[in-house]
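Peer 1: Mind having a look at this structure? Questions to follow.
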Amino acid sequence: MTPQSRRRFLQMAGAASVAPLGCAPRKAAPPNILYIIVDDLGFDLGCYGGTQIQTPNLDRLAAEGMRFTEAYSGCSVCAPARSTLMTGTHMGHTPVRRNSGGVSLTGNFTTVASLLSANGYRCGGFGKWGLGDLDTPGVPEKQGFERFFGYYHQVHAHYFYPEYLIDTGRKAGLPENRGAYGPEGPKAPQQPFPGKNPLTGETLTFSHYRIVEEMKNFVRDSRGGPFFCYAPWTPPHGRFEIPESDPAWDLYKDKPWSMQARIYAAYATMVDRHAGEVLDLLKELDLDDNTAVFFSSDNGAADQYPGELDSAGVFRGQKTTMYEGGLRLPFLARWPGRIAPGSQSDLPIYFPDFLPTAAAIAGIEPEVPQAIDGISILPELTGAEKLLRERPMYWEWNQGHFAPYEVHMQAHRNGKWKIVRHGAANPWELYDLSEDPSEKNDLAAAHPDIVARMDAWVARNRVDPPEQVEPEKPDGQRWR
């Protein structure tokens with residue numbers, strides 16, 4: 001059997017193996033995989049009990065698929081979280097662990113895209129990469145992506161009216177945005193943005209609109225064969241400068257909240273609208289039944305907005321912390337005919353699980369690297385098997401964006417127990433998440449045996465990272 005025919009066999013076998021129960025296996029085209037991951041979104045979706053922000057399309061996605069109640073990021077900040085997602089490795093093994101913005105993927109790590117592209121998938125990414133600036137080994141075109149449109153360095157992605165975006169290693173100019181922030185450049189306070197360039201009068205390009213359109217074009221162009229579409233959209237992170245003409249802003253502009261809370265809410269409704277457009281496009285192209293769609297945030301909410309939105313829900317902490325509010329996130333999955341509509345799972349999952357899950361969907365599980373930390377959750381998604389709830393998960397972070405790497409925060413969960421500490425030399429805190437999801441009661445003193453056992457697991461299951469190098473940049477600029 002040739003490599004090409006073997007790949008085809010595995011893909012067809014994978015598609016047949018997840019046929020609905022009671023149905024004979026059927027031949028089908030290899031499934032498409034589409035993952036929308038937004039930046040810093042909390043538990044504001046209606047399907048997670050949110051009442052202040054309108055998210056009808058994502059609520060529909062949940063109603064048509066599965067909602068996870070114990071889903072986690074791979075880290076509580078952007079770049080390391082994306083590293084765990086792409087490589088299937090947790091924060092004790094993943095290559096990018098500093099969050100300065102341009103640290104590059106290095107070493108012999110297989111990414112989701114490199115695995116899928118080697119097996120017949122067309123891979124495209126649209127949004128914020130964050131795993132290597134221009135001309136570094138970590139750029140997406142060297143990691144399995146045929147096309148990536150958006151931002152490479154994540155600090156560049158803070159700005160929604162840049163002078164250029166990156167299109168697969170080349171700068172795609174947006175000359176109409178030159179001078180968009182005025183002669184003095186970006187400054188606070190951030191607020192809704194006018195549609196015209198203050199210096200030239202030209203119509204400005206809001207980067208997220210352009211990114212979504214390029215993504216939809218990729219889906220249209222890829223409908224003839226299997227594709228992986230990765231959409232790490234920037235909102236609601238970055239500068240709070242939504243276009244004042246966006247219909248989502250009209251819904252919240254008069255709310256009695258802070259400006260930041262109002263724009264955050266508008267961003268959330270805006271990305272909900274765009275997610276709905278993508279779902280509608282799949283139906284229009286007759287790809288709906290053969291596309292596994294995932295949606296999540298990249299980490300916990302950047303702000304809890306207490307008294308306004310309560311984006312962290314009942315959880316302690318927010319982005320940058322190792323508590324549930326920094327790590328736990330909304331996660332939805334839909335695959336008509338394979339995932340039961342309106343289903344819910346309390347399986348603890350996190351970003352390292354995506355690589356083996358994507359491989360299982362594609363029918364190429366034998367090609368998953370052995371040295372990863374994630375598991376395939378496909379049996380849980382399809383209802384074929386209820387997976388073990390007691391499984392080890394690990395997180396760490398160095399807290400400082402630019403300081404030399406040093407572990408400042410760590411967390412480890414296994415089953416109902418979770419340990420957290422701030423500083424590698426400090427004692428662990430212990431929480432029983434089944435009784436105390438808000439992490440109010442530290443039980444470390446009462447259960448030293450559990451703490452010791454979990455501490456030993458951490459010591460065995462992490463290594464120091466490779467050097468976290470921020471590449472050289474032009475004078476006066478934080479990205480290339």
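In the structure tokens, chains take letters A, B, ... by order of appearance, with residues numbered from 1 within each chain and ligands from 1 in the order shown.
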Fewer than 5 positions away in the same chain doesn't count, so skip those; otherwise give me all residues within 12 Å of range 447-452 of chain A, counting only C-alpha atoms, as an NGL selection string.
Peer 2: :A and (411-421 or 427-432 or 442 or 457-459)
Peer 1: Mind listing the helix (DSSP H, G or I) residues of range 389-463 of chain A, per DSSP on the backbone, as an MDAnalysis selection string?
Peer 2: chainID A and resid 448:460
Peer 1: List the neighbours of Ser83 in chain A out to 10 Å using only C-alpha atoms; skip same-chain residues closer than 2 positions along the sequence, and give me the result as a VMD selection string.
Peer 2: chain A and resid 74 to 75 78 to 81 85 to 91 93 to 97 104 to 105 111 129 to 131 351 to 352
Peer 1: Just write the chosen residues, C-alpha atoms, as a PDB file, in the first residue's frame.
Peer 2:
```pdb
ATOM      1  CA  GLY A  74      -3.348  25.138  28.140  1.00  0.00           C
ATOM      2  CA  CYS A  75      -2.185  28.276  29.988  1.00  0.00           C
ATOM      3  CA  CYS A  78      -2.031  33.867  24.995  1.00  0.00           C
ATOM      4  CA  ALA A  79       1.176  32.564  23.399  1.00  0.00           C
ATOM      5  CA  PRO A  80       1.857  29.617  25.747  1.00  0.00           C
ATOM      6  CA  ALA A  81      -1.788  28.543  25.435  1.00  0.00           C
ATOM      7  CA  LEU A  85      -2.908  23.757  21.416  1.00  0.00           C
ATOM      8  CA  MET A  86      -0.710  23.393  18.347  1.00  0.00           C
ATOM      9  CA  THR A  87       1.703  20.784  19.761  1.00  0.00           C
ATOM     10  CA  GLY A  88      -0.472  18.647  22.068  1.00  0.00           C
ATOM     11  CA  THR A  89       1.958  19.240  24.935  1.00  0.00           C
ATOM     12  CA  HIS A  90       1.251  20.769  28.339  1.00  0.00           C
ATOM     13  CA  MET A  91       3.160  23.630  29.928  1.00  0.00           C
ATOM     14  CA  HIS A  93       6.831  20.245  27.845  1.00  0.00           C
ATOM     15  CA  THR A  94       5.602  22.819  25.322  1.00  0.00           C
ATOM     16  CA  PRO A  95       8.241  24.957  23.550  1.00  0.00           C
ATOM     17  CA  VAL A  96       6.725  28.467  23.869  1.00  0.00           C
ATOM     18  CA  ARG A  97       6.235  29.378  27.538  1.00  0.00           C
ATOM     19  CA  SER A 104       9.261  30.975  18.216  1.00  0.00           C
ATOM     20  CA  LEU A 105       8.239  27.348  18.108  1.00  0.00           C
ATOM     21  CA  THR A 111       1.806  20.687  15.048  1.00  0.00           C
ATOM     22  CA  TRP A 129      -0.624  33.333  15.492  1.00  0.00           C
ATOM     23  CA  GLY A 130       1.620  34.313  18.419  1.00  0.00           C
ATOM     24  CA  LEU A 131       4.179  31.497  17.972  1.00  0.00           C
ATOM     25  CA  PHE A 351      -5.815  22.445  24.784  1.00  0.00           C
ATOM     26  CA  PRO A 352      -3.263  19.590  24.476  1.00  0.00           C
TER      27      PRO A 352
END
```
Peer 1: Considering only C-alpha atoms, state which residue in the set A:His208, A:His237, A:Lys440, A:His422 is at the smallest distance from Arg316 in chain A.
Peer 2: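 Counting only C-alpha atoms, the residue closest to Arg316 in chain A is A:Lys440.
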Peer 1: Rounded to one decimal in Å, what is the spacing between CA of Leu204 in chain A and CA of Gln190 in chain A?
Peer 2: 16.6 Å
Peer 1: What residues in range 334-477 of chain A get the DSSP label strand (DSSP E)? Please answer as an MDAnalysis selection string.
Peer 2: chainID A and resid 334 343:345 349:350 392:397 409:414 417:422 429:432
Peer 1: Create the file for the chosen residues now, containing C-alpha atoms and written as a tab-separated table (two decimals), in the first residue's frame.
Peer 2:
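Saved to result-v4.tsv:
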```
chain	number	residue	atom	x	y	z
A	334	ARG	CA	-20.72	20.46	16.83
A	343	SER	CA	-25.46	17.27	24.81
A	344	GLN	CA	-23.21	18.22	27.71
A	345	SER	CA	-20.00	16.80	29.11
A	349	ILE	CA	-10.37	18.64	28.80
A	350	TYR	CA	-7.71	21.13	27.79
A	392	PRO	CA	-3.64	14.59	35.10
A	393	MET	CA	-3.47	18.13	33.72
A	394	TYR	CA	-0.69	20.67	34.25
A	395	TRP	CA	-0.11	24.43	33.86
A	396	GLU	CA	2.68	26.90	34.62
A	397	TRP	CA	3.72	30.42	33.70
A	409	MET	CA	2.85	30.08	38.93
A	410	GLN	CA	1.90	26.41	38.72
A	411	ALA	CA	-1.24	24.32	38.87
A	412	HIS	CA	-2.00	20.60	38.54
A	413	ARG	CA	-5.38	18.91	38.47
A	414	ASN	CA	-6.26	15.24	38.72
A	417	TRP	CA	-8.22	17.71	43.28
A	418	LYS	CA	-6.24	20.73	42.15
A	419	ILE	CA	-3.04	22.21	43.57
A	420	VAL	CA	-1.90	25.81	42.95
A	421	ARG	CA	1.19	27.71	44.03
A	422	HIS	CA	2.80	31.07	43.39
A	429	GLU	CA	-2.64	25.20	47.98
A	430	LEU	CA	-5.14	22.33	47.57
A	431	TYR	CA	-8.76	22.57	46.42
A	432	ASP	CA	-11.57	20.06	45.99
```
Peer 1: Any idea what the distance is between CA of Val368 in chain A and CA of Gly127 in chain A?
Peer 2: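 Separation of CA of Val368 in chain A and CA of Gly127 in chain A: 25.7 Å.
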Peer 1: In Å to one decimal, how far is CA of Asn299 in chain A from CA of Asp39 in chain A?
Peer 2: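 CA of Asn299 in chain A lies at a distance of 7.2 Å from CA of Asp39 in chain A.
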